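Working notes, structure below.
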Amino acid sequence: MKPILVTGFEPFGGDRINPSGEVAQALHGSAIDGVPVIGLVLPCVFGAALHTLRAALAAHRPQLVLALGLAAGREGFTPERIAINRDDARIPDNAGAQPIDRPIAARGPAAHFSTLPIKAMVAALRDAGHPAGVSNSAGTFVCNHVFYGLMQTLARQRGVRGGFMHLCALPGQGEPALPLAALVEGVRIALAVAMRHRDADIALADGRID
Ligand code: PCA
């Protein structure tokens with residue numbers, strides 16, 4: 001059976017820990033509705049993160065991909081709607097690179113939408129008591145870079161769906177925060193919903209003006 005691929009990141013920007021990498025590792029070897037999960041930690045490095053992700057896509061041929069990252073300052077779980085074709089780093093990545101206003105794919109489209117049911121994921125997370133909301137920007141750092149590169153690759157692979165979700169901090173890492181167990185449970189919920197909602201997303205008013 002084709003697996004689910006869940007990625008997270010190594011710590012960056014002086015942090016000791018990255019909840020997204022911890023969640024990916026915690027889910028590695030588990031199953032969602034009987035579908036095996038492969039968890040992978042990506043380097044927080046422009047270019048190298050995408051090479052690692054693409055190698056894993058080729059090696060494991062997943063049916064669904066959810067990439068995760070830390071968004072310090074955000075609450076709970078924020079599935080991303082859209083990835084944009086720009087690298088614009090506020091801080092250097094873990095290899096010291098700080099690209100400014102650079103396209104990710106020279107001939108790629110301006111943006112790619114997530115192909116996961118982000119509204120249904122938000123609704124299920126809220127039903128389970130977790131703070132969640134749709135995000136309309138994954139930023140322009142390594143998370144957006146990986147999200148865009150993932151969707152650029154999946155655009156050429158029929159039937160393989162994918163997207164990105166940011167997670168809040170862990171306790172001790174700033175506020176708002178959730179413990180690792182809650183983050184793991186929330187990602188399991190999001191994945192289960194993504195597996196079940198294969199066609200249309202649900203209509204949930206979660207638009208924003210900010
Ligand atoms: N968050 C960063 C990169 C790695 C991570 O976990 C971001 O939001 O771009």
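Convention: chains lettered A, B, ... in structure tokens order; per-chain residue numbering from 1; ligands numbered from 1 as shown.
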Query raised in the report: So which residues are near ligand 1, meaning at most 6 Å away with only C-alpha atoms and all ligand atoms counted, given back as an NGL selection string?
Result: :A and (9 or 44 or 69-71 or 141-144)
Next, the residues of the selection above should be written as an mmCIF file, in the first residue's frame with C-alpha atoms.
```
data_model
loop_
_atom_site.group_PDB
_atom_site.id
_atom_site.type_symbol
_atom_site.label_atom_id
_atom_site.label_comp_id
_atom_site.auth_asym_id
_atom_site.auth_seq_id
_atom_site.Cartn_x
_atom_site.Cartn_y
_atom_site.Cartn_z
ATOM 1 C CA PHE A 9 12.120 20.445 9.968
ATOM 2 C CA CYS A 44 16.222 23.971 7.259
ATOM 3 C CA GLY A 69 6.825 23.526 9.957
ATOM 4 C CA LEU A 70 6.979 25.721 13.034
ATOM 5 C CA ALA A 71 5.259 29.117 12.950
ATOM 6 C CA PHE A 141 11.320 31.266 4.201
ATOM 7 C CA VAL A 142 12.197 27.554 3.953
ATOM 8 C CA CYS A 143 8.646 26.357 4.742
ATOM 9 C CA ASN A 144 7.114 28.132 1.751
#
```
Quick one: everything within 7 Å of stretch 161-176 of chain A, counting only C-alpha atoms, minus sequence neighbours fewer than 5 positions away in the same chain. Send it as an mmCIF file with N, CA, C and O atoms, in the first residue's frame.
```cif
data_model
loop_
_atom_site.group_PDB
_atom_site.id
_atom_site.type_symbol
_atom_site.label_atom_id
_atom_site.label_comp_id
_atom_site.auth_asym_id
_atom_site.auth_seq_id
_atom_site.Cartn_x
_atom_site.Cartn_y
_atom_site.Cartn_z
ATOM 1 N N PRO A 19 9.122 21.626 16.755
ATOM 2 C CA PRO A 19 7.994 20.702 16.961
ATOM 3 C C PRO A 19 7.648 19.913 15.704
ATOM 4 O O PRO A 19 7.245 18.750 15.798
ATOM 5 N N SER A 20 7.848 20.531 14.524
ATOM 6 C CA SER A 20 7.469 19.840 13.287
ATOM 7 C C SER A 20 8.325 18.596 13.067
ATOM 8 O O SER A 20 7.807 17.534 12.687
ATOM 9 N N GLN A 63 1.113 8.241 -1.362
ATOM 10 C CA GLN A 63 -0.181 8.654 -1.959
ATOM 11 C C GLN A 63 -0.593 10.035 -1.469
ATOM 12 O O GLN A 63 -1.407 10.705 -2.093
ATOM 13 N N LEU A 64 -0.039 10.474 -0.338
ATOM 14 C CA LEU A 64 -0.393 11.768 0.233
ATOM 15 C C LEU A 64 0.816 12.299 0.997
ATOM 16 O O LEU A 64 1.517 11.530 1.652
ATOM 17 N N VAL A 65 1.052 13.607 0.884
ATOM 18 C CA VAL A 65 2.199 14.230 1.549
ATOM 19 C C VAL A 65 1.723 15.420 2.370
ATOM 20 O O VAL A 65 1.017 16.294 1.862
ATOM 21 N N LEU A 66 2.107 15.433 3.646
ATOM 22 C CA LEU A 66 1.850 16.607 4.479
ATOM 23 C C LEU A 66 3.190 17.081 5.032
ATOM 24 O O LEU A 66 3.848 16.362 5.780
ATOM 25 N N ALA A 67 3.579 18.281 4.623
ATOM 26 C CA ALA A 67 4.800 18.885 5.153
ATOM 27 C C ALA A 67 4.412 19.790 6.318
ATOM 28 O O ALA A 67 3.395 20.485 6.268
ATOM 29 N N LEU A 68 5.238 19.747 7.365
ATOM 30 C CA LEU A 68 4.961 20.520 8.579
ATOM 31 C C LEU A 68 6.114 21.473 8.850
ATOM 32 O O LEU A 68 7.265 21.192 8.514
ATOM 33 N N GLY A 69 5.785 22.595 9.523
ATOM 34 C CA GLY A 69 6.825 23.526 9.957
ATOM 35 C C GLY A 69 6.360 24.271 11.189
ATOM 36 O O GLY A 69 5.161 24.255 11.531
ATOM 37 N N LEU A 70 7.292 24.910 11.854
ATOM 38 C CA LEU A 70 6.979 25.721 13.034
ATOM 39 C C LEU A 70 6.645 27.146 12.597
ATOM 40 O O LEU A 70 7.371 27.732 11.792
ATOM 41 N N ALA A 71 5.553 27.684 13.113
ATOM 42 C CA ALA A 71 5.259 29.117 12.950
ATOM 43 C C ALA A 71 5.104 29.691 14.358
ATOM 44 O O ALA A 71 4.007 29.675 14.933
ATOM 45 N N ALA A 72 6.219 30.153 14.916
ATOM 46 C CA ALA A 72 6.197 30.708 16.279
ATOM 47 C C ALA A 72 5.282 31.925 16.297
ATOM 48 O O ALA A 72 5.288 32.740 15.371
ATOM 49 N N GLY A 73 4.467 32.020 17.338
ATOM 50 C CA GLY A 73 3.550 33.154 17.457
ATOM 51 C C GLY A 73 2.144 32.828 16.993
ATOM 52 O O GLY A 73 1.189 33.494 17.383
ATOM 53 N N ARG A 74 1.998 31.800 16.153
ATOM 54 C CA ARG A 74 0.649 31.384 15.728
ATOM 55 C C ARG A 74 0.075 30.414 16.738
ATOM 56 O O ARG A 74 0.810 29.718 17.427
ATOM 57 N N GLU A 75 -1.259 30.336 16.728
ATOM 58 C CA GLU A 75 -1.947 29.427 17.639
ATOM 59 C C GLU A 75 -2.231 28.090 16.949
ATOM 60 O O GLU A 75 -2.713 28.085 15.799
ATOM 61 N N GLY A 76 -1.952 26.995 17.613
ATOM 62 C CA GLY A 76 -2.419 25.682 17.177
ATOM 63 C C GLY A 76 -1.930 25.267 15.798
ATOM 64 O O GLY A 76 -0.737 25.302 15.508
ATOM 65 N N PHE A 77 -2.921 24.892 14.985
ATOM 66 C CA PHE A 77 -2.653 24.260 13.685
ATOM 67 C C PHE A 77 -3.149 25.177 12.569
ATOM 68 O O PHE A 77 -4.318 25.573 12.557
ATOM 69 N N THR A 78 -2.275 25.497 11.629
ATOM 70 C CA THR A 78 -2.695 26.363 10.523
ATOM 71 C C THR A 78 -2.331 25.734 9.175
ATOM 72 O O THR A 78 -1.215 25.928 8.678
ATOM 73 N N PRO A 79 -3.284 24.965 8.592
ATOM 74 C CA PRO A 79 -3.073 24.443 7.239
ATOM 75 C C PRO A 79 -2.931 25.614 6.260
ATOM 76 O O PRO A 79 -3.673 26.590 6.344
ATOM 77 N N GLU A 80 -1.959 25.510 5.375
ATOM 78 C CA GLU A 80 -1.680 26.591 4.430
ATOM 79 C C GLU A 80 -2.485 26.416 3.145
ATOM 80 O O GLU A 80 -2.581 25.322 2.610
ATOM 81 N N SER A 114 -2.631 24.294 -2.178
ATOM 82 C CA SER A 114 -2.646 22.990 -1.514
ATOM 83 C C SER A 114 -3.705 22.117 -2.184
ATOM 84 O O SER A 114 -4.752 22.609 -2.608
ATOM 85 N N THR A 115 -3.459 20.837 -2.279
ATOM 86 C CA THR A 115 -4.489 19.920 -2.788
ATOM 87 C C THR A 115 -5.076 19.084 -1.643
ATOM 88 O O THR A 115 -5.693 18.053 -1.862
ATOM 89 N N LEU A 116 -4.875 19.542 -0.409
ATOM 90 C CA LEU A 116 -5.498 18.901 0.756
ATOM 91 C C LEU A 116 -6.756 19.692 1.149
ATOM 92 O O LEU A 116 -6.852 20.888 0.868
ATOM 93 N N PHE A 147 7.045 23.884 0.502
ATOM 94 C CA PHE A 147 5.638 23.751 0.082
ATOM 95 C C PHE A 147 5.532 23.970 -1.430
ATOM 96 O O PHE A 147 4.930 23.158 -2.143
ATOM 97 N N MET A 151 4.582 21.087 -4.275
ATOM 98 C CA MET A 151 3.428 21.162 -5.172
ATOM 99 C C MET A 151 3.871 21.183 -6.636
ATOM 100 O O MET A 151 3.176 20.669 -7.506
#
```
**Report entry** Closest of A:Arg61, A:His130, A:Arg86, A:His112 to A:Gly159 - atom-to-atom distances counting only C-alpha atoms
**Finding:**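 Ranked by minimum distance to A:Gly159, first place goes to A:Arg61.
Every protein, DNA or RNA residue with an atom at most 9 Å from A:Gly149, where only C-alpha atoms count and chain neighbours fewer than 6 positions away do not, is listed here: Leu50, Leu53, Arg54, Ala83, Asn85, Ile104 and Ala105 of chain A.
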Output the selection as a CSV table (one decimal), in the first residue's frame - N, CA, C and O atoms for each residue.
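Listing of part_28.csv after writing:
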```csv
chain,number,residue,atom,x,y,z
A,50,LEU,N,14.6,20.7,-0.3
A,50,LEU,CA,13.8,20.2,-1.5
A,50,LEU,C,14.5,18.9,-2.1
A,50,LEU,O,13.7,18.0,-2.5
A,53,LEU,N,13.5,16.1,0.2
A,53,LEU,CA,12.0,15.8,0.0
A,53,LEU,C,11.8,15.0,-1.3
A,53,LEU,O,11.1,14.0,-1.4
A,54,ARG,N,12.4,15.5,-2.4
A,54,ARG,CA,12.2,14.9,-3.7
A,54,ARG,C,12.8,13.4,-3.7
A,54,ARG,O,12.2,12.5,-4.3
A,83,ALA,N,1.2,28.3,-1.8
A,83,ALA,CA,2.6,28.5,-1.8
A,83,ALA,C,3.0,29.4,-2.9
A,83,ALA,O,2.5,29.3,-4.0
A,85,ASN,N,5.9,31.6,-5.4
A,85,ASN,CA,7.1,31.3,-6.1
A,85,ASN,C,8.2,32.3,-5.7
A,85,ASN,O,8.7,33.0,-6.6
A,104,ILE,N,11.6,30.5,-6.9
A,104,ILE,CA,12.0,29.2,-6.5
A,104,ILE,C,12.1,28.3,-7.8
A,104,ILE,O,13.1,27.6,-7.9
A,105,ALA,N,11.2,28.5,-8.7
A,105,ALA,CA,11.3,27.9,-10.0
A,105,ALA,C,11.2,28.9,-11.1
A,105,ALA,O,10.2,29.6,-11.2
```
Requested in this report: Would you please give, as JSON, numbers by chain, all residues of stretch 92-149 of chain A that DSSP assigns to strand (DSSP E or B) based on the backbone?
Outcome: {"A": [102, 111, 112, 113, 132, 135]}
Export of the given selection (N, CA, C and O atoms) as a PDB file, in the first residue's frame:
```
ATOM      1  N   ARG A 102      13.948  35.914  -4.604  1.00  0.00           N
ATOM      2  CA  ARG A 102      14.379  35.009  -5.667  1.00  0.00           C
ATOM      3  C   ARG A 102      13.268  34.040  -6.024  1.00  0.00           C
ATOM      4  O   ARG A 102      12.631  33.481  -5.119  1.00  0.00           O
ATOM      5  N   ALA A 111       2.151  30.726  -8.128  1.00  0.00           N
ATOM      6  CA  ALA A 111       1.745  30.067  -6.881  1.00  0.00           C
ATOM      7  C   ALA A 111       1.155  28.688  -7.169  1.00  0.00           C
ATOM      8  O   ALA A 111       0.762  28.385  -8.295  1.00  0.00           O
ATOM      9  N   HIS A 112       1.104  27.886  -6.131  1.00  0.00           N
ATOM     10  CA  HIS A 112       0.415  26.584  -6.171  1.00  0.00           C
ATOM     11  C   HIS A 112      -0.528  26.513  -4.979  1.00  0.00           C
ATOM     12  O   HIS A 112      -0.131  26.848  -3.858  1.00  0.00           O
ATOM     13  N   PHE A 113      -1.748  26.034  -5.201  1.00  0.00           N
ATOM     14  CA  PHE A 113      -2.659  25.777  -4.091  1.00  0.00           C
ATOM     15  C   PHE A 113      -2.380  24.405  -3.482  1.00  0.00           C
ATOM     16  O   PHE A 113      -1.977  23.470  -4.186  1.00  0.00           O
ATOM     17  N   ALA A 132      -7.344  25.971  15.575  1.00  0.00           N
ATOM     18  CA  ALA A 132      -6.940  25.772  14.179  1.00  0.00           C
ATOM     19  C   ALA A 132      -7.557  26.839  13.304  1.00  0.00           C
ATOM     20  O   ALA A 132      -8.629  27.365  13.619  1.00  0.00           O
ATOM     21  N   SER A 135      -4.494  29.334   6.989  1.00  0.00           N
ATOM     22  CA  SER A 135      -3.526  30.409   6.773  1.00  0.00           C
ATOM     23  C   SER A 135      -3.405  30.664   5.281  1.00  0.00           C
ATOM     24  O   SER A 135      -3.377  29.724   4.478  1.00  0.00           O
TER      25      SER A 135
END
```
Query raised in the report: Of the candidates A:Ala89, A:Gly13, A:Val37, A:Thr153, which shows the shortest atom-to-atom distance to A:Ala55, using only C-alpha atoms?
Result: A:Thr153
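Considering the residues A:Gly39, A:Ala31, A:Asp199, A:Ala26 and counting only C-alpha atoms, A:Leu5 has its shortest atom-to-atom contact with A:Gly39.
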Query raised in the report: Taking into account only C-alpha atoms, which residue in the set A:Val45, A:Leu125, A:Ile209, A:Ala194 is nearest to A:Pro99?
Result: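 Of A:Val45, A:Leu125, A:Ile209, A:Ala194, the one nearest A:Pro99, counting only C-alpha atoms, is A:Val45.
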Requested in this report: Select, from A:Gln157, A:Ala120, A:Pro92, A:Leu27, the residue with the minimum atom-to-atom distance to A:Ala200, counting only C-alpha atoms.
Outcome: A:Ala120
**Report entry** Option closest in space to A:Leu183, from A:Pro131, A:Pro3, A:Gly96, A:Pro11 [counting only C-alpha atoms]
**Finding:**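 Closest residue, counting only C-alpha atoms: A:Pro131.
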